[in-house]
Each structure stands twice: as C-alpha cells, then as structure tokens.
file work-v2.pdb (PDB, C-alpha atoms and all ligand atoms)
ATOM      1  CA  MET A   1      15.371 -23.289 -24.387
ATOM      2  CA  GLN A   2      16.824 -21.772 -21.189
ATOM      3  CA  ASN A   3      15.528 -18.250 -20.388
ATOM      4  CA  THR A   4      18.753 -16.337 -19.693
ATOM      5  CA  GLN A   5      17.017 -12.918 -19.450
ATOM      6  CA  TYR A   6      15.120 -13.710 -16.263
ATOM      7  CA  ARG A   7      16.082 -11.862 -13.081
ATOM      8  CA  THR A   8      14.034 -11.156  -9.993
ATOM      9  CA  LEU A   9      13.103  -7.524  -9.506
ATOM     10  CA  ASP A  10      13.128  -5.499  -6.328
ATOM     11  CA  ALA A  11      11.502  -2.063  -5.939
ATOM     12  CA  THR A  12      14.531  -0.331  -7.529
ATOM     13  CA  GLY A  13      14.659  -2.811 -10.421
ATOM     14  CA  LEU A  14      10.933  -2.400 -11.047
ATOM     15  CA  ARG A  15      11.214   1.409 -11.091
ATOM     16  CA  GLU A  16      14.083   1.179 -13.634
ATOM     17  CA  TYR A  17      12.067  -1.269 -15.725
ATOM     18  CA  LEU A  18       9.052   1.062 -15.805
ATOM     19  CA  VAL A  19      11.259   4.042 -16.722
ATOM     20  CA  SER A  20      12.425   2.120 -19.805
ATOM     21  CA  HIS A  21       8.826   1.447 -20.926
ATOM     22  CA  SER A  22       7.271   4.715 -22.088
ATOM     23  CA  GLY A  23       3.625   3.592 -22.080
ATOM     24  CA  MET A  24       3.697   2.683 -18.399
ATOM     25  CA  SER A  25       5.856   5.710 -17.459
ATOM     26  CA  ARG A  26       3.321   7.979 -19.153
ATOM     27  CA  ARG A  27       0.482   6.342 -17.261
ATOM     28  CA  LEU A  28       2.233   7.107 -13.955
ATOM     29  CA  GLY A  29       3.291  10.614 -15.008
ATOM     30  CA  GLY A  30       5.909  12.944 -13.548
ATOM     31  CA  PRO A  31       9.571  12.095 -12.946
ATOM     32  CA  ALA A  32      10.251   8.521 -11.768
ATOM     33  CA  ASP A  33      11.579   9.660  -8.391
ATOM     34  CA  THR A  34       8.074  10.895  -7.518
ATOM     35  CA  TRP A  35       6.611   7.383  -7.891
ATOM     36  CA  SER A  36       5.865   5.332  -4.804
ATOM     37  CA  VAL A  37       6.611   1.612  -5.168
ATOM     38  CA  GLN A  38       4.956  -0.477  -2.465
ATOM     39  CA  GLU A  39       5.293  -4.241  -2.124
ATOM     40  CA  VAL A  40       1.925  -5.794  -1.223
ATOM     41  CA  SER A  41       2.615  -9.545  -1.725
ATOM     42  CA  ASP A  42       0.426 -11.351   0.767
ATOM     43  CA  GLY A  43       0.316 -14.919  -0.599
ATOM     44  CA  ASN A  44       2.779 -17.773  -0.848
ATOM     45  CA  LEU A  45       3.930 -17.492  -4.446
ATOM     46  CA  ASN A  46       4.268 -14.199  -6.274
ATOM     47  CA  MET A  47       5.770 -10.753  -5.737
ATOM     48  CA  VAL A  48       3.183  -7.979  -6.102
ATOM     49  CA  TRP A  49       3.819  -4.203  -6.089
ATOM     50  CA  LEU A  50       1.574  -1.174  -6.393
ATOM     51  CA  VAL A  51       3.132   1.813  -8.125
ATOM     52  CA  HIS A  52       1.562   5.269  -7.831
ATOM     53  CA  GLY A  53       2.606   8.355  -9.745
ATOM     54  CA  PRO A  54       1.175  11.861 -10.019
ATOM     55  CA  ASP A  55      -1.113  10.870 -12.938
ATOM     56  CA  GLY A  56      -1.958   7.220 -12.363
ATOM     57  CA  ALA A  57      -1.167   3.852 -10.840
ATOM     58  CA  LEU A  58      -0.474   0.251 -11.791
ATOM     59  CA  CYS A  59      -0.020  -3.148 -10.206
ATOM     60  CA  ALA A  60       2.971  -5.363 -11.133
ATOM     61  CA  LYS A  61       3.270  -9.071 -10.387
ATOM     62  CA  GLN A  62       6.352 -11.244 -10.917
ATOM     63  CA  SER A  63       6.597 -14.972 -10.401
ATOM     64  CA  LEU A  64       9.706 -16.196  -8.629
ATOM     65  CA  PRO A  65      11.451 -19.488  -9.459
ATOM     66  CA  HIS A  66      10.494 -20.692  -5.981
ATOM     67  CA  VAL A  67       7.717 -20.310  -3.418
ATOM     68  CA  ARG A  68       7.992 -16.715  -2.140
ATOM     69  CA  VAL A  69       7.884 -17.746   1.502
ATOM     70  CA  ASP A  70      10.243 -20.752   1.087
ATOM     71  CA  PRO A  71      13.118 -20.327  -1.449
ATOM     72  CA  SER A  72      14.111 -23.999  -1.070
ATOM     73  CA  TRP A  73      10.755 -24.998  -2.627
ATOM     74  CA  LYS A  74      11.383 -24.601  -6.404
ATOM     75  CA  MET A  75       8.497 -23.622  -8.694
ATOM     76  CA  PRO A  76       8.199 -22.984 -12.460
ATOM     77  CA  THR A  77       7.929 -19.260 -13.301
ATOM     78  CA  GLU A  78       5.356 -19.721 -16.094
ATOM     79  CA  ARG A  79       2.376 -19.064 -13.834
ATOM     80  CA  THR A  80       2.203 -15.327 -14.712
ATOM     81  CA  PHE A  81       2.315 -16.289 -18.412
ATOM     82  CA  PHE A  82      -0.908 -18.253 -17.947
ATOM     83  CA  GLU A  83      -2.446 -15.522 -15.798
ATOM     84  CA  ALA A  84      -1.671 -12.924 -18.518
ATOM     85  CA  ALA A  85      -3.008 -15.224 -21.269
ATOM     86  CA  TRP A  86      -6.214 -15.736 -19.281
ATOM     87  CA  LEU A  87      -6.646 -11.985 -18.649
ATOM     88  CA  ARG A  88      -6.138 -11.276 -22.362
ATOM     89  CA  GLU A  89      -8.631 -13.932 -23.451
ATOM     90  CA  ILE A  90     -11.267 -13.135 -20.872
ATOM     91  CA  SER A  91     -11.110  -9.349 -21.381
ATOM     92  CA  GLN A  92     -13.313  -9.782 -24.485
ATOM     93  CA  ILE A  93     -15.991 -11.321 -22.303
ATOM     94  CA  ALA A  94     -15.619  -9.921 -18.802
ATOM     95  CA  GLY A  95     -15.362  -6.198 -19.579
ATOM     96  CA  ASN A  96     -14.468  -4.330 -16.410
ATOM     97  CA  GLY A  97     -14.951  -7.465 -14.256
ATOM     98  CA  ILE A  98     -11.170  -8.002 -14.359
ATOM     99  CA  PRO A  99      -8.163  -5.667 -14.114
ATOM    100  CA  GLU A 100      -7.004  -4.342 -17.495
ATOM    101  CA  LEU A 101      -3.832  -6.101 -18.659
ATOM    102  CA  LEU A 102      -1.278  -3.371 -19.403
ATOM    103  CA  HIS A 103       1.870  -5.355 -20.162
ATOM    104  CA  PHE A 104       3.433  -8.807 -19.996
ATOM    105  CA  ASP A 105       7.162  -9.514 -20.182
ATOM    106  CA  PRO A 106       7.752 -13.183 -21.132
ATOM    107  CA  ASP A 107      11.456 -13.049 -20.125
ATOM    108  CA  LEU A 108      10.893 -11.644 -16.629
ATOM    109  CA  PHE A 109       7.476 -13.276 -16.171
ATOM    110  CA  LEU A 110       6.310  -9.825 -15.139
ATOM    111  CA  LEU A 111       2.645  -8.982 -15.520
ATOM    112  CA  VAL A 112       1.453  -5.370 -15.200
ATOM    113  CA  MET A 113      -2.210  -4.578 -14.745
ATOM    114  CA  GLN A 114      -4.626  -1.865 -13.695
ATOM    115  CA  CYS A 115      -4.327  -0.956 -10.020
ATOM    116  CA  LEU A 116      -7.521  -1.781  -8.133
ATOM    117  CA  ASP A 117      -6.546  -0.571  -4.675
ATOM    118  CA  HIS A 118      -9.665   1.612  -4.510
ATOM    119  CA  HIS A 119     -11.528  -1.706  -4.004
ATOM    120  CA  THR A 120     -11.582  -3.809  -0.842
ATOM    121  CA  THR A 121     -10.147  -7.334  -1.126
ATOM    122  CA  LEU A 122     -12.994  -9.813  -0.605
ATOM    123  CA  ASN A 123     -11.257 -11.823   2.136
ATOM    124  CA  ILE A 124     -10.750  -8.620   4.142
ATOM    125  CA  ALA A 125     -14.383  -7.593   3.617
ATOM    126  CA  LEU A 126     -15.533 -11.067   4.701
ATOM    127  CA  SER A 127     -13.606 -10.830   7.963
ATOM    128  CA  ASP A 128     -15.822  -7.860   8.849
ATOM    129  CA  MET A 129     -18.865  -9.588  10.293
ATOM    130  CA  THR A 130     -21.136  -6.649   9.393
ATOM    131  CA  TYR A 131     -20.421  -7.002   5.631
ATOM    132  CA  ASP A 132     -23.249  -8.554   3.573
ATOM    133  CA  PRO A 133     -21.623 -10.631   0.765
ATOM    134  CA  SER A 134     -24.837 -11.365  -1.188
ATOM    135  CA  GLU A 135     -24.119  -8.769  -3.909
ATOM    136  CA  ALA A 136     -20.522 -10.036  -4.344
ATOM    137  CA  VAL A 137     -21.714 -13.655  -4.389
ATOM    138  CA  SER A 138     -24.157 -13.052  -7.246
ATOM    139  CA  ALA A 139     -21.542 -10.984  -9.161
ATOM    140  CA  ILE A 140     -19.025 -13.856  -8.838
ATOM    141  CA  ALA A 141     -21.663 -16.411  -9.887
ATOM    142  CA  ARG A 142     -22.542 -14.356 -12.983
ATOM    143  CA  PHE A 143     -18.830 -13.886 -13.810
ATOM    144  CA  VAL A 144     -18.072 -17.622 -13.502
ATOM    145  CA  ALA A 145     -21.148 -18.596 -15.532
ATOM    146  CA  ARG A 146     -20.447 -16.070 -18.312
ATOM    147  CA  THR A 147     -16.719 -16.863 -18.627
ATOM    148  CA  ALA A 148     -17.201 -20.659 -18.369
ATOM    149  CA  TRP A 149     -19.895 -20.586 -21.036
ATOM    150  CA  SER A 150     -18.089 -18.198 -23.378
ATOM    151  CA  THR A 151     -14.822 -20.176 -23.325
ATOM    152  CA  SER A 152     -16.489 -23.573 -23.799
ATOM    153  CA  CYS A 153     -17.267 -25.312 -27.086
ATOM    154  CA  LEU A 154     -20.952 -25.097 -26.118
ATOM    155  CA  SER A 155     -20.942 -21.408 -27.106
ATOM    156  CA  GLU A 156     -19.327 -22.060 -30.500
ATOM    157  CA  THR A 157     -21.308 -22.250 -33.704
ATOM    158  CA  PHE A 158     -21.875 -25.566 -35.456
ATOM    159  CA  GLU A 159     -19.322 -24.528 -38.131
ATOM    160  CA  GLU A 160     -16.612 -23.699 -35.530
ATOM    161  CA  ASN A 161     -17.265 -26.930 -33.639
ATOM    162  CA  TYR A 162     -17.053 -29.163 -36.672
ATOM    163  CA  GLY A 163     -14.307 -27.310 -38.586
ATOM    164  CA  VAL A 164     -16.600 -26.206 -41.434
ATOM    165  CA  SER A 165     -14.992 -23.008 -42.751
ATOM    166  CA  SER A 166     -17.602 -22.135 -45.382
ATOM    167  CA  VAL A 167     -20.836 -23.560 -46.667
ATOM    168  CA  LYS A 168     -20.669 -24.329 -50.429
ATOM    169  CA  GLU A 169     -23.341 -22.703 -52.500
ATOM    170  CA  ASP A 170     -25.125 -24.905 -55.026
ATOM    171  CA  ASP A 171     -23.984 -23.927 -58.544
ATOM    172  CA  ASP A 172     -27.324 -24.516 -60.250
TER     173      ASP A 172
HETATM  174  N1  LIG A 201      -4.737  -5.385  -9.661
HETATM  175  C1  LIG A 201      -4.500  -5.184  -8.358
HETATM  176  N2  LIG A 201      -4.660  -3.967  -7.812
HETATM  177  C2  LIG A 201      -4.400  -3.733  -6.511
HETATM  178  N3  LIG A 201      -3.959  -4.677  -5.640
HETATM  179  C3  LIG A 201      -3.778  -5.915  -6.120
HETATM  180  C4  LIG A 201      -4.032  -6.248  -7.490
HETATM  181  N4  LIG A 201      -3.743  -7.563  -7.680
HETATM  182  C5  LIG A 201      -3.335  -8.022  -6.493
HETATM  183  N5  LIG A 201      -3.351  -7.048  -5.544
HETATM  184  C6  LIG A 201      -2.946  -7.151  -4.126
HETATM  185  O1  LIG A 201      -1.868  -8.046  -4.031
HETATM  186  C7  LIG A 201      -2.211  -9.151  -3.213
HETATM  187  C8  LIG A 201      -1.635 -10.426  -3.828
HETATM  188  O2  LIG A 201      -2.191 -10.585  -5.112
HETATM  189  P1  LIG A 201      -2.689 -12.011  -5.622
HETATM  190  O3  LIG A 201      -3.339 -12.753  -4.509
HETATM  191  O4  LIG A 201      -3.420 -11.797  -6.893
HETATM  192  O5  LIG A 201      -1.295 -12.681  -5.915
HETATM  193  P2  LIG A 201      -1.101 -14.187  -6.362
HETATM  194  O6  LIG A 201      -0.690 -14.205  -7.783
HETATM  195  O7  LIG A 201      -2.321 -14.972  -5.977
HETATM  196  O8  LIG A 201       0.136 -14.607  -5.533
HETATM  197  P3  LIG A 201       0.070 -15.581  -4.313
HETATM  198  O9  LIG A 201      -0.184 -16.918  -4.893
HETATM  199  O10 LIG A 201       1.424 -15.397  -3.696
HETATM  200  O11 LIG A 201      -1.093 -15.062  -3.480
HETATM  201  C9  LIG A 201      -3.742  -9.142  -3.141
HETATM  202  O12 LIG A 201      -4.207  -9.665  -1.929
HETATM  203  C10 LIG A 201      -4.081  -7.683  -3.273
HETATM  204  O13 LIG A 201      -3.986  -7.065  -1.996
HETATM  205 MG    MG A 202      -3.114 -14.805  -3.966
END

call {"tool": "encode", "arguments": {"input": "work-v2.pdb", "output": "structure tokens", "more": "lines below"}}
Ligand SMILES: Nc1ncnc2c1ncn2[C@@H]1O[C@H](COP(=O)(O)OP(=O)(O)OP(=O)(O)O)[C@@H](O)[C@H]1O
Ligand SMILES: [Mg+2]
result
Amino acid sequence: MQNTQYRTLDATGLREYLVSHSGMSRRLGGPADTWSVQEVSDGNLNMVWLVHGPDGALCAKQSLPHVRVDPSWKMPTERTFFEAAWLREISQIAGNGIPELLHFDPDLFLLVMQCLDHHTTLNIALSDMTYDPSEAVSAIARFVARTAWSTSCLSETFEENYGVSSVKEDDD
C-alpha cells in the first residue's frame, strides 16, 4: 500500500514534530524555541539532526526517497525501518554499546535515538595520526562477536532450534 503520510522534514518540520510528541519534548525540556536543531548529515543517504534543549538532547535520522546528495537517484525509504528494528533487537544484547532507540515513525521513516555527540566519531579519530585505535578495535571485535553469536541459531536451545515447545512428561 502507498504511504501517503510521508513527507521530508526540515529543521522547522522536525521541531514541530517533536513538539507534538510529549516524551521527546520532555527529554529536551524548556519551551521549543530554546531548542537548537543542527543538521549534521555527512554521508550520501540520510538526513541527520542533533537537537539540544535545556534538559537533554537527541539525534533524529530520516531516510529520503532518493540519495541525499543526488535527488535524481531514487532509493527506497525503508532503510531507517531496518535500522530501528536492528537497534531494538540488539539492545537486549549490546547494552550501552549502541545508542538508545527513543522513537520510530513508520510513516515518516524517522528514527530518533540518544545523542552521542560527547563521543568522537571513529573516522575523525583515525585521521588523527596520534590516536591509538587498539582499544576501539577490540571493543568492535567483542561487539561483532557478541551480536553475531546472540542473533544466530547457534545460540538457541535445542528446543528453539527444532520447534519443540515442551517436553512431554511420562505419565507412569
Ligand atoms: N546517535 C548519534 N549521536 C550523535 N551524532 C550522530 C548520531 N548518529 C549519527 N550521528 C552523526 O551523524 C552523522 C551521520 O550519521 P550516520 O553515518 O549514522 O548516517 P547514515 O544513516 O549512515 O547516513 P549516510 O548513509 O548518509 O551516512 C555521523 O557521522 C555522526 O556525526
Ligand atoms: Mg553514514
């Protein structure tokens, strides 16, 4: 079915959207005109904003129906749906190794997550030749190993793997 609710957001549209969602407004705090909305998209595909308020911050990401840097190159919008589904699934396993998923809007393909701008993006850190990546490398290796294992059938019990819902007790 055609999604007729979808519209692309700009900074004003995002602010209005957040105002109409009390959980996220409360997280930011204060009146909406005190919030700063900063676009930080730096890749080819998605729009990304950081929103800061007097009490907190969040990061919003919306997929566009085309490549961000080339509107003639059409793309399906569902990519944030899969990103949100992955964040939700993996949060049971990864703890604070991923940003907390705060909200997903399936009509706007808008994903809202914890703002991590107190961290340095790895590609920026790596461009500093004095940075030693060994700690980050082992953290990434542990994260990949734990999430790959925990989402594979290898970590499931025999009963889950073979569809056995209960083991029958012998009557006598
Ligand atoms: N949770 C976050 N907190 C703070 N900044 C973030 C967060 N997520 C992303 N960013 C910033 O936004 C930039 C773009 O985000 P990201 O690379 O995740 O987008 P993307 O979905 O991969 O889109 P594209 O494919 O266009 O790169 C990052 O380089 C980072 O600076
Ligand atoms: Mg990217």

call {"tool": "residues_near_ligand", "arguments": {"input": "work-v2.pdb", "ligand": "ligand LIG 201 (chain A)", "cutoff": "6 Å", "atoms": "only C-alpha atoms and all ligand atoms", "output": "PyMOL selection string"}}
result
chain A and resi 40-46+48+59+99+113-117

call {"tool": "closest_residue", "arguments": {"input": "work-v2.pdb", "among": "A:Ser138, A:Ser63, A:Ser152, A:Ser127", "to": "ligand MG 202 (chain A)", "atoms": "only C-alpha atoms and all ligand atoms"}}
result
A:Ser63

call {"tool": "atom_distance", "arguments": {"input": "work-v2.pdb", "atom1": "atom CA of A:Leu14", "atom2": "atom CA of A:Trp49"}}
result
8.9 Å

call {"tool": "resolve_selection", "arguments": {"input": "work-v2.pdb", "expression": "the PyMOL selection byres (((chain A and resi 147) around 12) and not hetatm)", "output": "PyMOL selection string"}}
result
chain A and resi 86-87+89-95+97-98+140-146+148-155

call {"tool": "resolve_selection", "arguments": {"input": "work-v2.pdb", "expression": "the PyMOL selection byres (((chain A and resi 31) around 12) and not hetatm)", "output": "ChimeraX atom specification"}}
result
/A:15-16,18-19,22,25-30,32-36,52-55

call {"tool": "write_last_selection", "arguments": {"input": "work-v2.pdb", "atoms": "C-alpha atoms", "output": "PDB file, in the coordinates of the input"}}
result
ATOM      1  CA  ARG A  15      11.214   1.409 -11.091  1.00  0.00           C
ATOM      2  CA  GLU A  16      14.083   1.179 -13.634  1.00  0.00           C
ATOM      3  CA  LEU A  18       9.052   1.062 -15.805  1.00  0.00           C
ATOM      4  CA  VAL A  19      11.259   4.042 -16.722  1.00  0.00           C
ATOM      5  CA  SER A  22       7.271   4.715 -22.088  1.00  0.00           C
ATOM      6  CA  SER A  25       5.856   5.710 -17.459  1.00  0.00           C
ATOM      7  CA  ARG A  26       3.321   7.979 -19.153  1.00  0.00           C
ATOM      8  CA  ARG A  27       0.482   6.342 -17.261  1.00  0.00           C
ATOM      9  CA  LEU A  28       2.233   7.107 -13.955  1.00  0.00           C
ATOM     10  CA  GLY A  29       3.291  10.614 -15.008  1.00  0.00           C
ATOM     11  CA  GLY A  30       5.909  12.944 -13.548  1.00  0.00           C
ATOM     12  CA  ALA A  32      10.251   8.521 -11.768  1.00  0.00           C
ATOM     13  CA  ASP A  33      11.579   9.660  -8.391  1.00  0.00           C
ATOM     14  CA  THR A  34       8.074  10.895  -7.518  1.00  0.00           C
ATOM     15  CA  TRP A  35       6.611   7.383  -7.891  1.00  0.00           C
ATOM     16  CA  SER A  36       5.865   5.332  -4.804  1.00  0.00           C
ATOM     17  CA  HIS A  52       1.562   5.269  -7.831  1.00  0.00           C
ATOM     18  CA  GLY A  53       2.606   8.355  -9.745  1.00  0.00           C
ATOM     19  CA  PRO A  54       1.175  11.861 -10.019  1.00  0.00           C
ATOM     20  CA  ASP A  55      -1.113  10.870 -12.938  1.00  0.00           C
TER      21      ASP A  55
END

call {"tool": "atom_distance", "arguments": {"input": "work-v2.pdb", "atom1": "atom CA of A:Thr80", "atom2": "atom CA of A:Lys61"}}
result
7.7 Å

call {"tool": "atom_distance", "arguments": {"input": "work-v2.pdb", "atom1": "atom CA of A:Leu101", "atom2": "atom CA of A:Met47"}}
result
16.8 Å

call {"tool": "closest_residue", "arguments": {"input": "work-v2.pdb", "among": "A:Val51, A:Met75, A:Leu58, A:Leu122", "to": "ligand MG 202 (chain A)", "atoms": "all atoms listed in the file"}}
result
A:Leu122

call {"tool": "residues_near_point", "arguments": {"input": "work-v2.pdb", "point": "(11.8, -11.4, -17.3)", "cutoff": "9 Å", "atoms": "all atoms listed in the file", "output": "PyMOL selection string"}}
result
chain A and resi 3-9+62+105-110

call {"tool": "closest_residue", "arguments": {"input": "work-v2.pdb", "among": "A:Glu83, A:Pro133, A:Ala11, A:Arg88", "to": "ligand MG 202 (chain A)", "atoms": "all atoms listed in the file"}}
result
A:Glu83

call {"tool": "closest_residue", "arguments": {"input": "work-v2.pdb", "among": "A:Ser20, A:Asn123, A:Gln38, A:Ser72", "to": "ligand MG 202 (chain A)", "atoms": "only C-alpha atoms and all ligand atoms"}}
result
A:Asn123

call {"tool": "resolve_selection", "arguments": {"input": "work-v2.pdb", "expression": "the PyMOL selection byres (((chain A and resi 76) around 8) and not hetatm)", "output": "PyMOL selection string"}}
result
chain A and resi 64-66+74-75+77-79

call {"tool": "closest_residue", "arguments": {"input": "work-v2.pdb", "among": "A:Ala85, A:Arg68, A:Ala125, A:Met24", "to": "ligand MG 202 (chain A)", "atoms": "all atoms listed in the file"}}
result
A:Arg68

call {"tool": "closest_residue", "arguments": {"input": "work-v2.pdb", "among": "A:Thr121, A:Glu159, A:Gly23, A:Trp73", "to": "ligand MG 202 (chain A)", "atoms": "all atoms listed in the file"}}
result
A:Thr121

call {"tool": "decode", "arguments": {"input": "work-v2.pdb", "residues": "stretch 50-148 of chain A", "atoms": "C-alpha atoms", "output": "mmCIF file, in the first residue's frame"}}
result
data_model
loop_
_atom_site.group_PDB
_atom_site.id
_atom_site.type_symbol
_atom_site.label_atom_id
_atom_site.label_comp_id
_atom_site.auth_asym_id
_atom_site.auth_seq_id
_atom_site.Cartn_x
_atom_site.Cartn_y
_atom_site.Cartn_z
ATOM 1 C CA LEU A 50 21.080 16.836 16.594
ATOM 2 C CA VAL A 51 18.565 18.581 18.826
ATOM 3 C CA HIS A 52 19.638 20.107 22.145
ATOM 4 C CA GLY A 53 17.340 21.540 24.779
ATOM 5 C CA PRO A 54 17.904 22.851 28.297
ATOM 6 C CA ASP A 55 17.438 19.367 29.841
ATOM 7 C CA GLY A 56 18.669 16.927 27.214
ATOM 8 C CA ALA A 57 19.439 16.068 23.614
ATOM 9 C CA LEU A 58 18.505 13.616 20.881
ATOM 10 C CA CYS A 59 19.553 12.594 17.398
ATOM 11 C CA ALA A 60 16.964 12.253 14.589
ATOM 12 C CA LYS A 61 17.534 10.479 11.283
ATOM 13 C CA GLN A 62 15.166 10.437 8.302
ATOM 14 C CA SER A 63 15.608 8.493 5.100
ATOM 15 C CA LEU A 64 14.822 10.362 1.908
ATOM 16 C CA PRO A 65 13.231 8.732 -1.156
ATOM 17 C CA HIS A 66 16.478 9.419 -3.013
ATOM 18 C CA VAL A 67 20.217 9.631 -2.382
ATOM 19 C CA ARG A 68 20.720 12.776 -0.262
ATOM 20 C CA VAL A 69 23.488 14.114 -2.472
ATOM 21 C CA ASP A 70 21.755 13.225 -5.786
ATOM 22 C CA PRO A 71 17.916 13.591 -5.855
ATOM 23 C CA SER A 72 17.741 12.002 -9.327
ATOM 24 C CA TRP A 73 18.994 8.713 -7.813
ATOM 25 C CA LYS A 74 15.810 7.173 -6.294
ATOM 26 C CA MET A 75 16.084 4.975 -3.191
ATOM 27 C CA PRO A 76 13.532 3.102 -1.034
ATOM 28 C CA THR A 77 12.872 4.847 2.308
ATOM 29 C CA GLU A 78 12.659 1.619 4.349
ATOM 30 C CA ARG A 79 16.302 1.728 5.416
ATOM 31 C CA THR A 80 15.549 3.512 8.734
ATOM 32 C CA PHE A 81 12.863 0.880 9.430
ATOM 33 C CA PHE A 82 15.546 -1.813 9.320
ATOM 34 C CA GLU A 83 17.982 0.312 11.318
ATOM 35 C CA ALA A 84 15.319 0.840 14.033
ATOM 36 C CA ALA A 85 14.402 -2.876 14.030
ATOM 37 C CA TRP A 86 18.080 -3.781 14.417
ATOM 38 C CA LEU A 87 18.593 -1.276 17.265
ATOM 39 C CA ARG A 88 15.518 -2.646 19.058
ATOM 40 C CA GLU A 89 16.621 -6.265 18.682
ATOM 41 C CA ILE A 90 20.248 -5.706 19.557
ATOM 42 C CA SER A 91 19.530 -3.508 22.602
ATOM 43 C CA GLN A 92 18.837 -6.697 24.608
ATOM 44 C CA ILE A 93 22.356 -7.865 23.864
ATOM 45 C CA ALA A 94 24.536 -4.811 23.347
ATOM 46 C CA GLY A 95 23.560 -2.749 26.402
ATOM 47 C CA ASN A 96 25.111 0.692 26.122
ATOM 48 C CA GLY A 97 27.199 -0.341 23.077
ATOM 49 C CA ILE A 98 24.552 1.265 20.838
ATOM 50 C CA PRO A 99 22.507 4.479 21.054
ATOM 51 C CA GLU A 100 19.184 4.032 22.866
ATOM 52 C CA LEU A 101 16.270 3.942 20.413
ATOM 53 C CA LEU A 102 13.798 6.610 21.557
ATOM 54 C CA HIS A 103 11.207 6.593 18.780
ATOM 55 C CA PHE A 104 10.471 5.326 15.281
ATOM 56 C CA ASP A 105 7.811 6.750 12.970
ATOM 57 C CA PRO A 106 6.954 4.202 10.236
ATOM 58 C CA ASP A 107 5.119 6.817 8.104
ATOM 59 C CA LEU A 108 7.940 9.377 8.054
ATOM 60 C CA PHE A 109 10.730 6.788 8.299
ATOM 61 C CA LEU A 110 12.058 8.939 11.118
ATOM 62 C CA LEU A 111 14.255 7.316 13.731
ATOM 63 C CA VAL A 112 15.076 9.154 16.973
ATOM 64 C CA MET A 113 17.879 7.971 19.208
ATOM 65 C CA GLN A 114 20.129 9.002 22.068
ATOM 66 C CA CYS A 115 22.516 11.804 21.139
ATOM 67 C CA LEU A 116 26.132 10.650 21.319
ATOM 68 C CA ASP A 117 27.878 13.879 20.376
ATOM 69 C CA HIS A 118 30.008 13.703 23.531
ATOM 70 C CA HIS A 119 31.870 10.896 21.690
ATOM 71 C CA THR A 120 34.323 11.313 18.822
ATOM 72 C CA THR A 121 33.354 9.679 15.512
ATOM 73 C CA LEU A 122 35.851 6.890 14.797
ATOM 74 C CA ASN A 123 36.761 8.078 11.285
ATOM 75 C CA ILE A 124 37.654 11.507 12.694
ATOM 76 C CA ALA A 125 39.714 9.937 15.491
ATOM 77 C CA LEU A 126 41.511 7.734 12.945
ATOM 78 C CA SER A 127 42.522 10.742 10.861
ATOM 79 C CA ASP A 128 44.498 11.949 13.886
ATOM 80 C CA MET A 129 47.749 10.052 13.475
ATOM 81 C CA THR A 130 48.477 10.206 17.223
ATOM 82 C CA TYR A 131 45.291 8.244 18.115
ATOM 83 C CA ASP A 132 45.855 4.602 19.145
ATOM 84 C CA PRO A 133 42.841 2.567 17.875
ATOM 85 C CA SER A 134 43.694 -0.702 19.683
ATOM 86 C CA GLU A 135 41.069 -0.206 22.426
ATOM 87 C CA ALA A 136 38.356 0.653 19.849
ATOM 88 C CA VAL A 137 39.378 -2.300 17.668
ATOM 89 C CA SER A 138 38.961 -4.820 20.491
ATOM 90 C CA ALA A 139 35.644 -3.200 21.565
ATOM 91 C CA ILE A 140 34.327 -3.505 17.979
ATOM 92 C CA ALA A 141 35.551 -7.114 17.735
ATOM 93 C CA ARG A 142 33.792 -8.019 21.001
ATOM 94 C CA PHE A 143 30.606 -6.219 19.864
ATOM 95 C CA VAL A 144 30.545 -8.012 16.488
ATOM 96 C CA ALA A 145 31.262 -11.403 18.075
ATOM 97 C CA ARG A 146 28.612 -10.994 20.795
ATOM 98 C CA THR A 147 25.866 -9.698 18.471
ATOM 99 C CA ALA A 148 26.626 -12.216 15.680
#
